[in-house]
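Visitor: Sending over a structure as structure tokens; questions will come in a sec.
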Amino acid sequence: MTTLESGRPRVDADPGVYTPQQDTWMLCDAVAASGAAHGARVLDMCTGSGAVAIAAARAGAREVVAFDLSPRAVECASRNAAAAGFDVDVRLGSFIEALTVPPFDVLLCNPPYVPSPDTPAGTGLERAWNAGTDGRFVLDPLCENAHRLLNPGGVLLVVQSDCADPARTLTLLSESGFAARVVAAQRHRFGPVMASRAPYLAAEGHIAPGADTEKFVVIEAHLTSSNAGTQ
């Protein structure tokens, strides 16, 4: 659970693109601390500003491919990577498009995970955090498809809030052939989105009544099953 400031790249977030926050920096730190990206072919899903993809490049990845559903995010991440001096291949798309690419050694993701009454997750900037009624609109497909995106022995690093059931993430990854564990955890006060949604989240049982903090966790999972890369 080491925090490495050197894992945190300088990036700009354009209007309509998710601004890096505590969850982003936790994942960047985990990438640097794990050493998994060094010499690896890395996939960053839900790249947003490109901060995590750039952190992987800074950590010595031999190749980084990043995907996002937002054209604005693709443009923003591409520009941030170029400004940082790294060659990151940023593409428009989701898991469907990522599955058309040969498997990777490392998969990184800071997905939307905030429970929302909107299903699907909506459009615009809200799509960066709205994740359906249980907060798992992206997390479940990630857990179910990660083994198809990775080579044997591949590594997944994903960050999420405790409002979206990290235990389910661990269970789903285990069922897909991963050995998964929490490698970092931090508690922070609610940001504007969580604060505004607190009554709804409490009514739905995602947080305790009156809660004003959430715990972020980074989960590291190693693919041990022979079904790696199977399409």
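Every chain in the structure tokens takes a letter, A first, then B, and so on in the order presented; its residues are numbered from 1, and the ligands are numbered from 1 following the presented order.
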List every residue of region 57-212 of chain A that DSSP, applied to the backbone of this structure, assigns to helix (DSSP H, G or I), and report them as an MDAnalysis selection string.
Guide: chainID A and resid 57:58 71:84 95:98 124:128 139:149 162:164 166:175 192:203
Visitor: Please run DSSP on the backbone and report, as a PyMOL selection string, all residues within region 64-117 of chain A that come out as strand (DSSP E or B).
Guide: chain A and resi 64-68+88-92+104-109+114
Visitor: Write the residues you've just listed into a file as a compact mmCIF listing (two decimals), in the first residue's frame, and include N, CA, C and O atoms for each of them.
Guide:
```txt
# COMPACT_ATOMS: atom_id res chain seq x y z
N VAL A 64 1.45 1.07 -24.81
CA VAL A 64 0.23 1.39 -24.07
C VAL A 64 -0.87 1.71 -25.06
O VAL A 64 -0.72 2.58 -25.93
N VAL A 65 -1.99 1.00 -24.93
CA VAL A 65 -3.19 1.26 -25.72
C VAL A 65 -4.28 1.66 -24.74
O VAL A 65 -4.45 1.02 -23.70
N ALA A 66 -5.02 2.73 -25.06
CA ALA A 66 -6.07 3.22 -24.16
C ALA A 66 -7.37 3.39 -24.92
O ALA A 66 -7.36 3.77 -26.10
N PHE A 67 -8.48 3.09 -24.24
CA PHE A 67 -9.80 3.22 -24.85
C PHE A 67 -10.69 4.11 -23.98
O PHE A 67 -10.59 4.11 -22.75
N ASP A 68 -11.57 4.86 -24.64
CA ASP A 68 -12.62 5.59 -23.96
C ASP A 68 -13.80 5.76 -24.91
O ASP A 68 -13.60 5.82 -26.14
N VAL A 88 1.24 7.00 -26.64
CA VAL A 88 0.10 6.20 -26.18
C VAL A 88 -0.92 6.14 -27.30
O VAL A 88 -1.32 7.17 -27.84
N ASP A 89 -1.33 4.94 -27.65
CA ASP A 89 -2.31 4.72 -28.73
C ASP A 89 -3.70 4.83 -28.12
O ASP A 89 -4.19 3.88 -27.51
N VAL A 90 -4.34 5.99 -28.25
CA VAL A 90 -5.65 6.23 -27.64
C VAL A 90 -6.74 6.03 -28.68
O VAL A 90 -6.69 6.63 -29.77
N ARG A 91 -7.71 5.18 -28.37
CA ARG A 91 -8.74 4.80 -29.34
C ARG A 91 -10.14 5.01 -28.76
O ARG A 91 -10.35 4.93 -27.55
N LEU A 92 -11.07 5.25 -29.64
CA LEU A 92 -12.48 5.38 -29.27
C LEU A 92 -13.11 4.00 -29.22
O LEU A 92 -13.04 3.24 -30.19
N PHE A 104 -3.29 -8.44 -23.86
CA PHE A 104 -2.27 -7.61 -23.24
C PHE A 104 -1.65 -8.32 -22.04
O PHE A 104 -2.15 -9.35 -21.59
N ASP A 105 -0.58 -7.72 -21.51
CA ASP A 105 0.05 -8.24 -20.30
C ASP A 105 -0.55 -7.63 -19.04
O ASP A 105 -0.59 -8.27 -17.99
N VAL A 106 -1.01 -6.38 -19.17
CA VAL A 106 -1.55 -5.65 -18.03
C VAL A 106 -2.81 -4.91 -18.47
O VAL A 106 -2.84 -4.31 -19.54
N LEU A 107 -3.84 -4.96 -17.63
CA LEU A 107 -5.09 -4.25 -17.85
C LEU A 107 -5.33 -3.31 -16.68
O LEU A 107 -5.31 -3.75 -15.52
N LEU A 108 -5.55 -2.03 -16.99
CA LEU A 108 -5.80 -1.01 -15.97
C LEU A 108 -7.18 -0.42 -16.20
O LEU A 108 -7.61 -0.27 -17.33
N CYS A 109 -7.86 -0.05 -15.12
CA CYS A 109 -9.18 0.55 -15.29
C CYS A 109 -9.60 1.34 -14.06
O CYS A 109 -9.53 0.84 -12.94
N VAL A 114 -20.30 4.86 -9.42
CA VAL A 114 -21.25 5.49 -8.50
C VAL A 114 -22.66 5.02 -8.84
O VAL A 114 -23.12 5.20 -9.97
```
Visitor: For a quick check of understanding, using only C-alpha atoms, which of A:Glu175, A:Gly191, A:Val52, A:Ala84 has the smallest distance to Ala30 (chain A)?
Guide: A:Val52
Visitor: Per residue of region 140-168 of chain A within 10 Å of region 43-51 of chain A, note the shortest atom pair and the distance in Å to one decimal, counting only C-alpha atoms, and order the rows by chain and increasing residue number, as a tab-separated table.
Guide:
```
residue	atom	partner	partner_atom	distance
A:Leu142	CA	A:Met45	CA	9.2
A:Leu149	CA	A:Leu43	CA	8.5
A:Leu150	CA	A:Leu43	CA	9.0
A:Leu156	CA	A:Leu43	CA	9.5
A:Leu157	CA	A:Asp44	CA	9.6
A:Val158	CA	A:Met45	CA	9.7
```
Visitor: Keeping only N, CA and C atoms, write those residues as a short mmCIF file (atom, residue, chain, number, x, y, z; two decimals), in the first residue's frame.
Guide:
```cif
data_model
loop_
_atom_site.label_atom_id
_atom_site.label_comp_id
_atom_site.auth_asym_id
_atom_site.auth_seq_id
_atom_site.Cartn_x
_atom_site.Cartn_y
_atom_site.Cartn_z
N LEU A 142 -16.25 -5.72 -16.87
CA LEU A 142 -14.80 -5.74 -16.72
C LEU A 142 -14.34 -7.05 -16.10
N LEU A 149 -8.98 -10.33 -22.23
CA LEU A 149 -8.15 -9.21 -22.65
C LEU A 149 -6.68 -9.38 -22.28
N LEU A 150 -6.36 -10.46 -21.53
CA LEU A 150 -5.03 -10.63 -20.99
C LEU A 150 -4.36 -11.91 -21.47
N LEU A 156 -4.38 -7.47 -13.70
CA LEU A 156 -5.40 -6.44 -13.72
C LEU A 156 -5.25 -5.57 -12.48
N LEU A 157 -5.30 -4.25 -12.68
CA LEU A 157 -5.37 -3.30 -11.58
C LEU A 157 -6.59 -2.43 -11.80
N VAL A 158 -7.52 -2.43 -10.84
CA VAL A 158 -8.76 -1.67 -10.97
C VAL A 158 -9.03 -0.94 -9.65
#
```
Visitor: Give me the region 96-133 of chain A side of the contact with region 195-213 of chain A, cut-off 10 Å, one line per residue showing its nearest atom pair and distance in Å at one decimal, counting only C-alpha atoms, sorted by chain and residue number, as a Markdown table.
Guide:
```
| residue | atom | partner | partner_atom | distance |
| --- | --- | --- | --- | --- |
| A:Val114 | CA | A:Leu201 | CA | 9.0 |
| A:Pro115 | CA | A:Leu201 | CA | 7.1 |
| A:Ser116 | CA | A:Leu201 | CA | 8.2 |
| A:Pro117 | CA | A:Tyr200 | CA | 8.5 |
| A:Thr133 | CA | A:Glu204 | CA | 8.6 |
```
Visitor: Generate the output file for the selected residues, N, CA and C atoms, as a PDB file, in the first residue's frame.
Guide:
```
ATOM      1  N   VAL A 114     -20.298   4.858  -9.418  1.00  0.00           N
ATOM      2  CA  VAL A 114     -21.246   5.485  -8.501  1.00  0.00           C
ATOM      3  C   VAL A 114     -22.662   5.017  -8.843  1.00  0.00           C
ATOM      4  N   PRO A 115     -23.373   4.386  -7.906  1.00  0.00           N
ATOM      5  CA  PRO A 115     -24.757   3.980  -8.183  1.00  0.00           C
ATOM      6  C   PRO A 115     -25.610   5.173  -8.594  1.00  0.00           C
ATOM      7  N   SER A 116     -26.476   4.910  -9.559  1.00  0.00           N
ATOM      8  CA  SER A 116     -27.288   5.975 -10.138  1.00  0.00           C
ATOM      9  C   SER A 116     -28.666   5.425 -10.474  1.00  0.00           C
ATOM     10  N   PRO A 117     -29.708   6.244 -10.366  1.00  0.00           N
ATOM     11  CA  PRO A 117     -31.027   5.774 -10.800  1.00  0.00           C
ATOM     12  C   PRO A 117     -31.128   5.643 -12.306  1.00  0.00           C
ATOM     13  N   THR A 133     -27.881   1.184 -11.233  1.00  0.00           N
ATOM     14  CA  THR A 133     -28.468   1.182  -9.892  1.00  0.00           C
ATOM     15  C   THR A 133     -27.596   0.512  -8.837  1.00  0.00           C
TER      16      THR A 133
END
```
